[in-house]
>>> print(open('data.cif').read())   # mmCIF, C-alpha atoms; chains and numbers go by the auth columns
data_coords
loop_
_atom_site.group_PDB
_atom_site.id
_atom_site.type_symbol
_atom_site.label_atom_id
_atom_site.label_comp_id
_atom_site.label_asym_id
_atom_site.label_seq_id
_atom_site.Cartn_x
_atom_site.Cartn_y
_atom_site.Cartn_z
_atom_site.B_iso_or_equiv
_atom_site.auth_seq_id
_atom_site.auth_asym_id
ATOM 1 C CA MET A 1 -4.276 8.620 6.158 0.00 29 A
ATOM 2 C CA PRO A 2 -6.271 6.074 8.115 0.00 30 A
ATOM 3 C CA SER A 3 -3.946 3.972 10.247 0.00 31 A
ATOM 4 C CA SER A 4 -4.571 1.575 13.100 0.00 32 A
ATOM 5 C CA VAL A 5 -1.318 2.699 14.755 0.00 33 A
ATOM 6 C CA ILE A 6 -0.592 6.316 13.797 0.00 34 A
ATOM 7 C CA SER A 7 -2.872 9.183 14.772 0.00 35 A
ATOM 8 C CA LYS A 8 -0.870 12.043 13.181 0.00 36 A
ATOM 9 C CA TYR A 9 2.583 12.881 11.964 0.00 37 A
ATOM 10 C CA TYR A 10 4.646 16.006 11.409 0.00 38 A
ATOM 11 C CA TYR A 11 7.927 16.634 9.631 0.00 39 A
ATOM 12 C CA LYS A 12 10.365 19.496 10.256 0.00 40 A
ATOM 13 C CA PRO A 13 12.604 19.532 7.177 0.00 41 A
ATOM 14 C CA GLU A 14 15.019 22.099 8.583 0.00 42 A
ATOM 15 C CA LEU A 15 15.691 19.800 11.563 0.00 43 A
ATOM 16 C CA ARG A 16 15.050 16.495 9.750 0.00 44 A
ATOM 17 C CA ILE A 17 12.744 15.371 12.557 0.00 45 A
ATOM 18 C CA LEU A 18 9.730 13.166 11.914 0.00 46 A
ATOM 19 C CA THR A 19 7.247 13.284 14.786 0.00 47 A
ATOM 20 C CA ILE A 20 4.779 10.430 15.070 0.00 48 A
ATOM 21 C CA VAL A 21 1.728 10.643 17.328 0.00 49 A
ATOM 22 C CA TYR A 22 0.478 7.135 17.987 0.00 50 A
ATOM 23 C CA ILE A 23 -3.156 6.193 18.587 0.00 51 A
ATOM 24 C CA SER A 24 -2.121 5.378 22.172 0.00 52 A
ATOM 25 C CA GLY A 25 -1.132 9.021 22.677 0.00 53 A
ATOM 26 C CA ALA A 26 2.605 8.315 22.766 0.00 54 A
ATOM 27 C CA VAL A 27 4.704 10.813 20.793 0.00 55 A
ATOM 28 C CA TYR A 28 8.078 9.915 19.274 0.00 56 A
ATOM 29 C CA ASP A 29 10.599 12.029 17.398 0.00 57 A
ATOM 30 C CA TYR A 30 12.639 10.174 14.760 0.00 58 A
ATOM 31 C CA LEU A 31 15.900 11.989 14.170 0.00 59 A
ATOM 32 C CA ASP A 32 17.874 12.868 11.049 0.00 60 A
ATOM 33 C CA VAL A 33 15.177 11.566 8.689 0.00 61 A
ATOM 34 C CA PRO A 34 15.914 12.780 5.135 0.00 62 A
ATOM 35 C CA GLN A 35 13.205 14.531 3.129 0.00 63 A
ATOM 36 C CA GLU A 36 13.223 11.642 0.625 0.00 64 A
ATOM 37 C CA VAL A 37 12.402 9.111 3.350 0.00 65 A
ATOM 38 C CA PHE A 38 9.622 11.324 4.677 0.00 66 A
ATOM 39 C CA ASP A 39 8.211 11.651 1.153 0.00 67 A
ATOM 40 C CA GLU A 40 8.206 7.856 0.809 0.00 68 A
ATOM 41 C CA PHE A 41 6.553 7.509 4.228 0.00 69 A
ATOM 42 C CA ARG A 42 3.900 10.074 3.314 0.00 70 A
ATOM 43 C CA SER A 43 3.026 8.243 0.093 0.00 71 A
ATOM 44 C CA ALA A 44 3.230 4.718 1.562 0.00 72 A
ATOM 45 C CA TYR A 45 0.027 2.689 1.376 0.00 73 A
ATOM 46 C CA SER A 46 0.624 1.420 4.930 0.00 74 A
ATOM 47 C CA LYS A 47 2.271 4.013 7.124 0.00 75 A
ATOM 48 C CA GLY A 48 2.618 1.488 9.966 0.00 76 A
ATOM 49 C CA VAL A 49 4.470 -1.049 7.824 0.00 77 A
ATOM 50 C CA PHE A 50 6.759 1.638 6.409 0.00 78 A
ATOM 51 C CA LEU A 51 7.437 2.974 9.898 0.00 79 A
ATOM 52 C CA ASN A 52 8.303 -0.491 11.227 0.00 80 A
ATOM 53 C CA THR A 53 10.477 -1.558 8.297 0.00 81 A
ATOM 54 C CA GLU A 54 12.131 1.628 7.054 0.00 82 A
ATOM 55 C CA ILE A 55 12.171 4.172 9.872 0.00 83 A
ATOM 56 C CA LYS A 56 12.354 2.454 13.260 0.00 84 A
ATOM 57 C CA PRO A 57 15.324 0.209 12.381 0.00 85 A
ATOM 58 C CA ASN A 58 17.292 2.962 10.645 0.00 86 A
ATOM 59 C CA PHE A 59 16.856 6.165 12.648 0.00 87 A
ATOM 60 C CA ALA A 60 17.493 7.170 16.231 0.00 88 A
ATOM 61 C CA TYR A 61 14.437 8.307 18.152 0.00 89 A
ATOM 62 C CA HIS A 62 13.263 9.515 21.516 0.00 90 A
ATOM 63 C CA LYS A 63 9.931 9.446 23.260 0.00 91 A
ATOM 64 C CA ARG A 64 8.485 12.775 24.360 0.00 92 A
ATOM 65 C CA ASP A 65 7.185 13.133 27.894 0.00 93 A
#
>>> encode(input="data.cif", output="structure tokens")
Amino acid sequence: MPSSVISKYYYKPELRILTIVYISGAVYDYLDVPQEVFDEFRSAYSKGVFLNTEIKPNFAYHKRD
């Protein structure tokens, strides 16, 4: 999963939370993300493009401290 923006990601299906760890070290939780969207994200050629076009505009999120 090489990405110039994303370092790692985790998904908690029982909570529908997608956690993105950015290269910068910032950590964001994207809320109420369906399993199907996570599956599409996981298989996307460009995780950064998918994140910016399909996840950020459509799901609430919060930055972890």
>>> closest_residue(input="data.cif", among="A:Val49, A:Ala72, A:Val33, A:Leu59", to="Asn86 (chain A)", atoms="all atoms listed in the file")
A:Leu59
>>> closest_residue(input="data.cif", among="A:Tyr56, A:Gln63, A:Thr81, A:Gly76", to="Ser32 (chain A)", atoms="all atoms listed in the file")
A:Gly76
>>> resolve_selection(input="data.cif", expression="the PyMOL selection byres ((chain A and resi 47) around 9)", output="ChimeraX atom specification")
/A:36-40,45-46,48-49,55-59
>>> residues_near_point(input="data.cif", point="(3.0, 6.7, 3.5)", cutoff="12 Å", atoms="only C-alpha atoms", output="PyMOL selection string")
chain A and resi 29-31+34+36-37+64-80+82-83
>>> atom_distance(input="data.cif", atom1="CA of Gly53 (chain A)", atom2="CA of Pro41 (chain A)")
23.2 Å
>>> atom_distance(input="data.cif", atom1="CA of Asp93 (chain A)", atom2="CA of Ala54 (chain A)")
8.4 Å
